[in-house]
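Trainee: Input structure: start-v7.txt, which contains compact mmCIF, C-alpha atoms.
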```txt
# COMPACT_ATOMS: atom_id res chain seq x y z
CA MET Y 1 -50.02 -117.82 -87.83
CA GLY Y 2 -51.55 -115.02 -85.87
CA ALA Y 3 -51.46 -113.51 -82.43
CA PRO Y 4 -50.40 -116.70 -80.59
CA CYS Y 5 -47.51 -117.16 -83.04
CA ASP Y 6 -46.48 -113.51 -82.62
CA ARG Y 7 -46.42 -114.10 -78.89
CA CYS Y 8 -44.40 -117.29 -79.35
CA GLU Y 9 -41.94 -115.37 -81.53
CA GLU Y 10 -41.44 -112.86 -78.71
CA LEU Y 11 -40.55 -115.68 -76.33
CA LEU Y 12 -38.04 -117.33 -78.67
CA GLN Y 13 -34.76 -115.87 -77.44
CA ASP Y 14 -35.55 -116.16 -73.75
CA TYR Y 15 -36.80 -119.68 -74.29
CA LEU Y 16 -33.49 -120.76 -75.82
CA ASP Y 17 -31.56 -118.80 -73.20
CA ARG Y 18 -33.67 -120.45 -70.49
CA THR Y 19 -34.58 -117.14 -68.97
CA LEU Y 20 -38.37 -117.38 -69.19
CA THR Y 21 -40.52 -117.38 -66.07
CA ASP Y 22 -42.27 -120.69 -65.34
CA ALA Y 23 -45.55 -119.26 -66.60
CA GLU Y 24 -43.99 -118.06 -69.86
CA TRP Y 25 -42.21 -121.38 -70.29
CA ARG Y 26 -45.52 -123.25 -70.02
CA GLU Y 27 -47.10 -120.80 -72.42
CA ALA Y 28 -44.37 -121.40 -75.03
CA GLU Y 29 -44.40 -125.16 -74.54
CA SER Y 30 -48.12 -125.48 -74.96
CA HIS Y 31 -48.11 -123.37 -78.12
CA LEU Y 32 -45.12 -125.20 -79.61
CA ALA Y 33 -46.75 -128.57 -78.96
CA GLY Y 34 -49.53 -127.69 -81.38
CA CYS Y 35 -47.81 -125.36 -83.85
CA ASP Y 36 -45.42 -126.78 -86.44
CA TYR Y 37 -44.79 -123.32 -87.85
CA CYS Y 38 -43.31 -122.04 -84.60
CA ALA Y 39 -41.68 -125.34 -83.62
CA ARG Y 40 -39.74 -125.35 -86.91
CA ARG Y 41 -38.61 -121.79 -86.34
CA TYR Y 42 -37.43 -122.59 -82.82
CA ARG Y 43 -35.40 -125.51 -84.12
CA PHE Y 44 -34.01 -123.37 -86.92
CA GLU Y 45 -32.88 -120.78 -84.38
CA GLU Y 46 -31.11 -123.41 -82.32
CA THR Y 47 -29.29 -124.73 -85.37
CA LEU Y 48 -28.42 -121.20 -86.45
CA ARG Y 49 -26.91 -120.29 -83.08
CA ARG Y 50 -24.72 -123.35 -83.12
CA TYR Y 51 -23.68 -122.67 -86.69
CA VAL Y 52 -22.83 -119.02 -86.06
CA LYS Y 53 -20.71 -119.94 -83.05
CA THR Y 54 -18.63 -122.54 -84.87
CA THR Y 55 -18.39 -120.56 -88.10
CA ALA Y 56 -17.34 -117.31 -86.45
CA ALA Y 57 -14.68 -118.94 -84.31
CA GLU Y 58 -11.18 -118.39 -85.63
CA ARG Y 59 -8.20 -120.01 -84.01
CA MET Y 60 -5.32 -117.98 -82.69
CA PRO Y 61 -2.70 -117.41 -85.41
CA PRO Y 62 0.49 -119.43 -84.99
CA GLY Y 63 3.16 -117.36 -83.33
CA LEU Y 64 0.88 -115.27 -81.16
CA MET Y 65 1.26 -117.58 -78.17
CA ALA Y 66 5.04 -117.17 -78.25
CA LYS Y 67 4.65 -113.38 -78.36
CA LEU Y 68 2.33 -113.48 -75.36
CA ALA Y 69 4.68 -115.75 -73.43
CA GLU Y 70 7.46 -113.21 -73.98
CA LEU Y 71 5.42 -110.70 -72.00
CA ARG Y 72 5.75 -112.78 -68.82
CA GLY Y 73 7.34 -110.98 -65.94
CA LEU Y 74 6.56 -107.49 -67.26
CA ASP Y 75 7.33 -104.92 -64.63
CA ALA Y 76 4.44 -102.86 -63.32
CA SER Y 77 6.53 -99.71 -63.73
CA ALA Y 78 7.54 -100.54 -67.30
CA MET L 1 9.35 -107.11 -32.61
CA SER L 2 12.35 -107.80 -34.74
CA GLU L 3 12.68 -106.98 -38.42
CA PRO L 4 11.79 -109.90 -40.70
CA GLY L 5 14.98 -111.82 -41.21
CA PRO L 6 16.50 -112.31 -44.63
CA GLU L 7 15.08 -115.84 -44.75
CA THR L 8 11.48 -114.65 -44.29
CA GLU L 9 11.99 -112.02 -46.95
CA ALA L 10 13.43 -114.60 -49.31
CA ARG L 11 10.42 -116.82 -48.71
CA ARG L 12 8.04 -113.95 -49.40
CA ILE L 13 9.73 -113.21 -52.69
CA ALA L 14 9.69 -116.87 -53.67
CA THR L 15 5.98 -117.14 -52.88
CA GLN L 16 5.20 -114.07 -54.91
CA ALA L 17 7.19 -115.34 -57.87
CA ARG L 18 5.34 -118.63 -57.71
CA ASP L 19 1.92 -116.93 -57.51
CA ARG L 20 2.85 -114.75 -60.41
CA ALA L 21 4.00 -117.65 -62.57
CA ARG L 22 0.79 -119.49 -61.75
CA PHE L 23 -1.25 -116.45 -62.75
CA GLU L 24 0.63 -116.17 -66.04
CA ASP L 25 0.18 -119.86 -66.79
CA GLU L 26 -3.53 -119.61 -66.20
CA ALA L 27 -3.85 -116.46 -68.33
CA LEU L 28 -1.86 -117.95 -71.22
CA ALA L 29 -4.02 -121.08 -71.18
CA LEU L 30 -6.97 -118.81 -71.96
CA ALA L 31 -5.29 -117.04 -74.88
CA ASP L 32 -7.06 -118.97 -77.61
CA GLN L 33 -10.46 -118.20 -76.12
CA VAL L 34 -9.54 -114.55 -75.62
CA TYR L 35 -8.36 -114.27 -79.22
CA ARG L 36 -11.55 -115.86 -80.51
CA VAL L 37 -13.63 -113.08 -78.96
CA ALA L 38 -11.14 -110.35 -79.88
CA ARG L 39 -11.13 -111.41 -83.51
CA ARG L 40 -14.86 -110.75 -83.86
CA LEU L 41 -14.72 -107.41 -82.08
CA VAL L 42 -12.24 -105.84 -84.49
CA GLY L 43 -11.97 -105.73 -88.25
CA SER L 44 -8.77 -107.62 -88.98
CA ARG L 45 -6.53 -110.39 -87.76
CA GLU L 46 -3.66 -107.94 -87.21
CA GLU L 47 -5.79 -105.70 -85.01
CA ALA L 48 -6.98 -108.70 -83.05
CA GLU L 49 -3.38 -109.82 -82.47
CA ASP L 50 -2.37 -106.34 -81.32
CA LEU L 51 -5.34 -106.08 -79.04
CA VAL L 52 -4.65 -109.45 -77.42
CA GLN L 53 -0.98 -108.55 -76.93
CA GLU L 54 -1.86 -105.21 -75.33
CA THR L 55 -4.36 -107.00 -73.12
CA TYR L 56 -1.80 -109.51 -71.90
CA ALA L 57 0.82 -106.81 -71.37
CA ARG L 58 -1.60 -104.92 -69.17
CA ALA L 59 -2.78 -108.08 -67.41
CA PHE L 60 0.75 -109.21 -66.62
CA ARG L 61 1.68 -105.78 -65.26
CA SER L 62 -1.34 -105.61 -63.02
CA TRP L 63 -1.61 -109.27 -62.11
CA GLN L 64 -1.87 -108.43 -58.43
CA SER L 65 -5.20 -106.70 -58.98
CA PHE L 66 -6.75 -110.01 -60.06
CA THR L 67 -8.63 -111.74 -57.26
CA PRO L 68 -7.68 -115.43 -57.27
CA GLY L 69 -10.68 -117.70 -57.57
CA THR L 70 -12.70 -115.25 -59.67
CA ASN L 71 -13.33 -115.59 -63.40
CA MET L 72 -10.03 -114.83 -65.09
CA ARG L 73 -11.42 -115.07 -68.61
CA ALA L 74 -13.97 -112.37 -67.77
CA TRP L 75 -11.22 -110.29 -66.13
CA LEU L 76 -9.08 -110.48 -69.26
CA LEU L 77 -12.01 -109.64 -71.49
CA ARG L 78 -12.80 -106.60 -69.39
CA ILE L 79 -9.29 -105.30 -70.00
CA LEU L 80 -9.62 -106.13 -73.68
CA THR L 81 -12.98 -104.46 -74.27
CA ASN L 82 -11.82 -101.34 -72.40
CA LEU L 83 -8.67 -101.13 -74.50
CA ASN L 84 -10.73 -101.66 -77.61
CA VAL L 85 -13.15 -98.86 -76.80
CA ASP L 86 -10.33 -96.52 -75.67
CA ARG L 87 -8.44 -96.94 -78.89
CA GLY L 88 -11.58 -96.38 -80.92
CA ARG L 89 -10.74 -99.44 -82.90
CA ARG L 90 -14.12 -101.11 -82.82
CA ILE L 91 -15.42 -101.86 -86.26
CA GLN L 92 -17.49 -98.82 -87.08
CA ARG L 93 -18.79 -100.07 -90.33
CA THR L 94 -22.38 -99.11 -89.75
CA PRO L 95 -24.01 -99.65 -93.09
CA GLN L 96 -27.20 -98.02 -94.15
CA LEU L 97 -29.32 -100.49 -92.22
CA GLN L 98 -32.65 -100.98 -93.83
CA PRO L 99 -35.41 -99.83 -91.50
CA LEU L 100 -34.97 -102.57 -88.98
CA GLU L 101 -37.41 -105.38 -89.43
CA GLU L 102 -36.13 -106.77 -86.15
CA THR L 103 -38.39 -109.70 -85.68
CA ASP L 104 -37.07 -113.04 -84.54
CA TYR L 105 -38.60 -115.13 -87.30
CA TYR L 106 -37.41 -112.81 -90.07
CA LEU L 107 -34.48 -114.92 -91.27
CA ALA L 108 -36.36 -118.21 -90.89
CA ASN L 109 -39.21 -116.78 -92.93
CA LYS L 110 -36.83 -115.67 -95.68
CA MET L 111 -35.17 -119.06 -95.72
CA ALA L 112 -38.51 -120.83 -95.75
CA SER L 113 -39.63 -118.86 -98.76
CA ALA L 114 -36.38 -119.69 -100.56
CA VAL L 115 -36.09 -123.40 -99.78
CA GLY L 116 -39.56 -124.39 -98.66
CA GLU L 117 -41.10 -124.66 -95.24
CA ASP L 118 -40.08 -128.28 -94.68
CA ALA L 119 -36.43 -127.67 -95.52
CA LEU L 120 -36.18 -125.36 -92.50
CA GLU L 121 -36.00 -128.55 -90.45
CA SER L 122 -32.77 -129.68 -92.01
CA GLU L 123 -29.41 -128.92 -90.49
CA GLU L 124 -28.07 -128.03 -93.92
CA VAL L 125 -30.29 -125.03 -94.43
CA VAL L 126 -28.00 -122.80 -92.38
CA GLU L 127 -25.07 -123.90 -94.49
CA ARG L 128 -26.47 -121.71 -97.25
CA LEU L 129 -24.88 -118.95 -95.19
CA SER L 130 -21.16 -118.79 -95.93
CA GLN L 131 -18.53 -118.07 -93.33
CA ASP L 132 -17.91 -114.75 -95.08
CA ALA L 133 -21.56 -113.87 -94.82
CA ILE L 134 -21.61 -114.61 -91.08
CA VAL L 135 -18.43 -112.68 -90.38
CA ARG L 136 -19.62 -109.73 -92.46
CA ALA L 137 -23.05 -109.72 -90.85
CA LEU L 138 -21.49 -109.72 -87.37
CA SER L 139 -19.22 -106.82 -88.31
CA GLU L 140 -22.20 -104.82 -89.50
CA ILE L 141 -24.14 -104.91 -86.25
CA PRO L 142 -23.80 -101.55 -84.45
CA PRO L 143 -20.82 -101.89 -82.04
CA GLN L 144 -22.62 -101.69 -78.71
CA PHE L 145 -24.91 -104.53 -79.79
CA ARG L 146 -22.12 -106.51 -81.39
CA ASP L 147 -20.00 -106.50 -78.22
CA VAL L 148 -22.78 -108.27 -76.34
CA VAL L 149 -23.60 -110.75 -79.09
CA VAL L 150 -19.93 -111.67 -79.44
CA LEU L 151 -19.39 -112.08 -75.70
CA VAL L 152 -22.51 -114.17 -75.10
CA ASP L 153 -23.04 -116.10 -78.33
CA ILE L 154 -19.44 -116.60 -79.40
CA GLY L 155 -17.54 -116.24 -76.13
CA ASP L 156 -20.11 -118.18 -74.09
CA PHE L 157 -20.19 -115.60 -71.32
CA THR L 158 -23.22 -115.42 -69.06
CA TYR L 159 -25.36 -112.27 -68.97
CA ALA L 160 -23.81 -111.48 -65.59
CA ASP L 161 -20.26 -111.83 -66.92
CA ALA L 162 -21.07 -109.70 -69.94
CA ALA L 163 -22.59 -107.04 -67.67
CA GLN L 164 -19.44 -106.97 -65.60
CA ILE L 165 -17.11 -106.94 -68.59
CA LEU L 166 -18.93 -104.06 -70.26
CA ASP L 167 -19.81 -102.31 -67.01
CA VAL L 168 -23.52 -102.04 -67.81
CA PRO L 169 -26.59 -103.40 -65.98
CA ILE L 170 -27.80 -106.92 -66.80
CA GLY L 171 -31.02 -105.51 -68.23
CA THR L 172 -28.96 -103.56 -70.75
CA VAL L 173 -27.05 -106.70 -71.69
CA MET L 174 -30.31 -108.53 -72.32
CA SER L 175 -31.91 -105.82 -74.41
CA ARG L 176 -28.74 -105.27 -76.48
CA LEU L 177 -28.33 -109.00 -76.95
CA HIS L 178 -31.89 -109.41 -78.18
CA ARG L 179 -31.64 -106.48 -80.56
CA GLY L 180 -28.18 -107.48 -81.68
CA ARG L 181 -29.29 -110.99 -82.56
CA ARG L 182 -32.25 -109.67 -84.50
CA ALA L 183 -30.00 -107.23 -86.35
CA LEU L 184 -27.63 -110.11 -87.13
CA LYS L 185 -30.47 -112.19 -88.53
CA GLN L 186 -31.64 -109.31 -90.63
CA ARG L 187 -28.17 -108.86 -92.12
CA LEU L 188 -27.99 -112.60 -92.73
CA ALA L 189 -31.35 -112.56 -94.45
CA GLU L 190 -30.03 -109.90 -96.81
CA GLU L 191 -26.90 -111.96 -97.44
CA ALA L 192 -28.92 -115.09 -98.02
CA VAL L 193 -31.22 -113.62 -100.62
CA SER L 194 -28.76 -111.35 -102.41
```
Could you rewrite the structure in this file as structure tokens?
Mentor:
Amino acid sequence: MGAPCDRCEELLQDYLDRTLTDAEWREAESHLAGCDYCARRYRFEETLRRYVKTTAAERMPPGLMAKLAELRGLDASA
Amino acid sequence: MSEPGPETEARRIATQARDRARFEDEALALADQVYRVARRLVGSREEAEDLVQETYARAFRSWQSFTPGTNMRAWLLRILTNLNVDRGRRIQRTPQLQPLEETDYYLANKMASAVGEDALESEEVVERLSQDAIVRALSEIPPQFRDVVVLVDIGDFTYADAAQILDVPIGTVMSRLHRGRRALKQRLAEEAVS
């Protein structure tokens, strides 16, 4: 841990979002290749994002679809 | 030039009715995805249902302002987020945030100190966070950050879509997203250790 890891931490979100420049991408890759500490944290972040997405998703309550379908044909002036 | 005959007029009306029905079909097919985002933008299931119904009522009334071939899900979400802001119904539960640590490894570091560095590798480590904890943490992010996190990380919208939906520049989407995710992780870290 130290300055290179701090730098790697700064690149984390853009790395996973694939929005790094080529130079930054190479910088992150080369650090991750030799740093278990950061590599573990990158993998953790990936797992976390997936988990948050599935956990936070709530299906539409039964009955809502029928209510929405009843709105079909609503008049612009109504 | 003669007036359009009754047959032409009838055909025009039929075409419009067909286009409209097609629009409504397409919009209704997206309802589950729209609800999923709405549910995390407001505090309760009832509010989410109301918001989605108001969104569809407005969408169906103004269906002709939708440009066919563009992203309908983003169009619907733009209506929804505007309605949500107008009605002042966004979750405003802004807790006394601890001075924001706001670093990206914060949660991982907390988890590592609780379960050990090697356990961070396992898929199960995140399961220490309950669904309640995730939902609560999301609701406690300040609203302007939460909107972006929900659209991008739960709704799968691109930065560009989110920028259009919220009517802010892409750079703003990115900075709010980054801060919002860090705030979320900080809340989760508090949930995980408490």
Trainee: Counting only C-alpha atoms, which residues from chain Y have an atom at most 8 Å from any atom of chain L, and could you show them as a short mmCIF file (atom, residue, chain, number, x, y, z; two decimals) with C-alpha atoms, keeping the file's coordinate frame?
Mentor:
```cif
data_model
loop_
_atom_site.label_atom_id
_atom_site.label_comp_id
_atom_site.auth_asym_id
_atom_site.auth_seq_id
_atom_site.Cartn_x
_atom_site.Cartn_y
_atom_site.Cartn_z
CA GLU Y 9 -41.94 -115.37 -81.53
CA GLU Y 10 -41.44 -112.86 -78.71
CA LEU Y 12 -38.04 -117.33 -78.67
CA GLN Y 13 -34.76 -115.87 -77.44
CA ARG Y 40 -39.74 -125.35 -86.91
CA ARG Y 41 -38.61 -121.79 -86.34
CA ARG Y 43 -35.40 -125.51 -84.12
CA PHE Y 44 -34.01 -123.37 -86.92
CA GLU Y 45 -32.88 -120.78 -84.38
CA THR Y 47 -29.29 -124.73 -85.37
CA LEU Y 48 -28.42 -121.20 -86.45
CA ARG Y 49 -26.91 -120.29 -83.08
CA TYR Y 51 -23.68 -122.67 -86.69
CA VAL Y 52 -22.83 -119.02 -86.06
CA LYS Y 53 -20.71 -119.94 -83.05
CA THR Y 55 -18.39 -120.56 -88.10
CA ALA Y 56 -17.34 -117.31 -86.45
CA ALA Y 57 -14.68 -118.94 -84.31
CA GLU Y 58 -11.18 -118.39 -85.63
CA ARG Y 59 -8.20 -120.01 -84.01
CA MET Y 60 -5.32 -117.98 -82.69
CA LEU Y 64 0.88 -115.27 -81.16
CA MET Y 65 1.26 -117.58 -78.17
CA LYS Y 67 4.65 -113.38 -78.36
CA LEU Y 68 2.33 -113.48 -75.36
CA ALA Y 69 4.68 -115.75 -73.43
CA LEU Y 71 5.42 -110.70 -72.00
CA ARG Y 72 5.75 -112.78 -68.82
CA GLY Y 73 7.34 -110.98 -65.94
CA LEU Y 74 6.56 -107.49 -67.26
CA ASP Y 75 7.33 -104.92 -64.63
CA ALA Y 76 4.44 -102.86 -63.32
CA SER Y 77 6.53 -99.71 -63.73
#
```
Trainee: Could you give me the centre and size, in Å to one decimal, of an axis-aligned box around all listed atoms of range 66-72 of chain Y with 6 Å added on every side, as AutoDock Vina command-line options?
Mentor:
```
--center_x 4.9 --center_y -113.9 --center_z -73.6 --size_x 17.1 --size_y 18.5 --size_z 21.5
```
Trainee: To one decimal place, how far is CA of Leu77 in chain L from CA of Arg18 in chain L in Å?
Mentor: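 Pair CA of Leu77 in chain L / CA of Arg18 in chain L returns 23.9 Å.
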Trainee: What gap, in Å, lies between CA of Ala3 in chain Y and CA of Thr19 in chain Y?
Mentor: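 Interatomic distance here is 21.9 Å.
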Trainee: Which of these, L:Leu76, L:Ala160, L:Leu188, L:Leu41, has the shortest distance to Phe145 in chain L once you count all atoms listed in the file?
Mentor: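 Between L:Leu76, L:Ala160, L:Leu188, L:Leu41, the residue approaching Phe145 in chain L most closely is L:Leu41.
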Trainee: With all atoms listed in the file as the basis for distance, which of Y:Ala33, Y:Ala28, Y:Leu20, Y:Ala66 is at the shortest distance from Asp6 in chain Y?
Mentor: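 So, comparing all the options, the nearest one is Y:Ala28.
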Trainee: Could you tell me how far CA of Gly43 in chain L lies from CA of Pro62 in chain Y, in Å and to one decimal?
Mentor: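 Here the two named atoms are 18.8 Å from each other.
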